[in-house]
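So the structure is just underneath, and the comments pick up after that.
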Amino acid sequence: MTTINEALTPLGDGFRNLYRTGDKYSAADMAKLLSSLEIHNFLDDGQYFDSKVDNDDKYNWKAFTGIDIDKWNKYLVGKTVIFSFDAEWSGFVSNNDYQNRLGFELQTTAEDGTQHWNGSWLYLKTESGKQYCATRMTIYDKPIKSLDYANIYNQINSDATVKITNVKMYIDPLGGGSTTWTV
């Protein structure tokens, strides 16, 4: 006979893997997570950022495609979300002329005229590596009227090699404050 803990452990492990945390989830938390789970990949199928290819200027960047303002307003306004991505890099050298970070950012203008920046940034400390980065934040509670830009950035030295994949946003039904973490 299987106990409740034995039955729920794989589900909890799945959520810890999805959110890349060591958090312990209660049965009520897991039920809420299951009923509200939504994952949105901002990039079209097969799209990713590769600094060997996407080299437009000093801060190598690539625009997102496929972001829908109507869906943003319908599903995201006022929600707590987790923005995340996987990064792999080599050849990083810290330099005061650069921001020494990589990640993505979306700038929106709300119907009330205020501007907001959402996204996730990884500040590098090693010459090379592979890391997951996630940022939890709450989306502004007023509908947006425009998406001003939505880009993936390599804001480290331009001769470094950077690859960013799995750029996603999870609606976090458990909420929580703003935080960034890496694994």
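Here's how to read the names in the structure tokens: chain A, B, ... by the order shown, residue numbers from 1 in each chain, ligand numbers from 1 in the order shown.
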>> I need the residues of segment 33-152 of chain A that end up classed as helix (DSSP H, G or I) by DSSP on the backbone, written out as JSON, numbers by chain.
In response: {"A": [33, 34, 35, 36, 69, 70, 71, 72, 73, 74, 75]}
> Interatomic distance between atom CA of Ala27 of chain A and atom CA of Gly176 of chain A?
Replying inline: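 Atom CA of Ala27 of chain A sits 17.9 Å away from atom CA of Gly176 of chain A.
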>> Counting only C-alpha atoms, which residue out of A:Leu174, A:Gln99, A:Lys142, A:Thr165 sits closest to Lys74 of chain A?
In response: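 Among the listed residues, the smallest separation from Lys74 of chain A belongs to A:Lys142.
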> Which residues, written as an NGL selection string, have at least one atom at most 10 Å from Tyr132 of chain A, with only C-alpha atoms counted and residues fewer than 6 positions away on the same chain left out?
Replying inline: :A and (20 or 84-88 or 122 or 164-166 or 181-183)
>> Here is a test: counting only C-alpha atoms, which residue of A:Asp13, A:Ile139, A:Thr179, A:Trp72 is nearest to Ser120 of chain A?
In response: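 Nearest candidate to Ser120 of chain A out of A:Asp13, A:Ile139, A:Thr179, A:Trp72: A:Thr179.
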> Of the candidates A:Thr126, A:Thr65, A:Thr135, A:Ser94, which one gets nearest to Thr180 of chain A if we count only C-alpha atoms?
Replying inline: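 Using only C-alpha atoms, Thr180 of chain A sits closest to A:Thr135.
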>> Set the distance at 12 Å and use only C-alpha atoms: which residues neighbour Asp97 of chain A once local chain neighbours fewer than 2 positions away are removed? I'd like the list as a PyMOL selection string.
In response: chain A and resi 58-59+93-95+99-101+155-158
Please save C-alpha atoms of the selected residues as an mmCIF file, in the first residue's frame.
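again.cif was written with the following content:
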```
data_model
loop_
_atom_site.group_PDB
_atom_site.id
_atom_site.type_symbol
_atom_site.label_atom_id
_atom_site.label_comp_id
_atom_site.auth_asym_id
_atom_site.auth_seq_id
_atom_site.Cartn_x
_atom_site.Cartn_y
_atom_site.Cartn_z
ATOM 1 C CA LYS A 58 28.192 46.275 -29.028
ATOM 2 C CA TYR A 59 25.584 44.520 -26.856
ATOM 3 C CA VAL A 93 36.334 38.858 -19.106
ATOM 4 C CA SER A 94 34.947 41.367 -16.609
ATOM 5 C CA ASN A 95 35.109 44.873 -18.071
ATOM 6 C CA GLN A 99 27.341 45.521 -17.883
ATOM 7 C CA ASN A 100 28.818 42.030 -17.426
ATOM 8 C CA ARG A 101 25.433 40.360 -17.719
ATOM 9 C CA GLN A 155 26.012 42.428 -22.450
ATOM 10 C CA ILE A 156 29.464 41.015 -21.787
ATOM 11 C CA ASN A 157 32.634 41.439 -23.811
ATOM 12 C CA SER A 158 31.825 41.095 -27.503
#
```
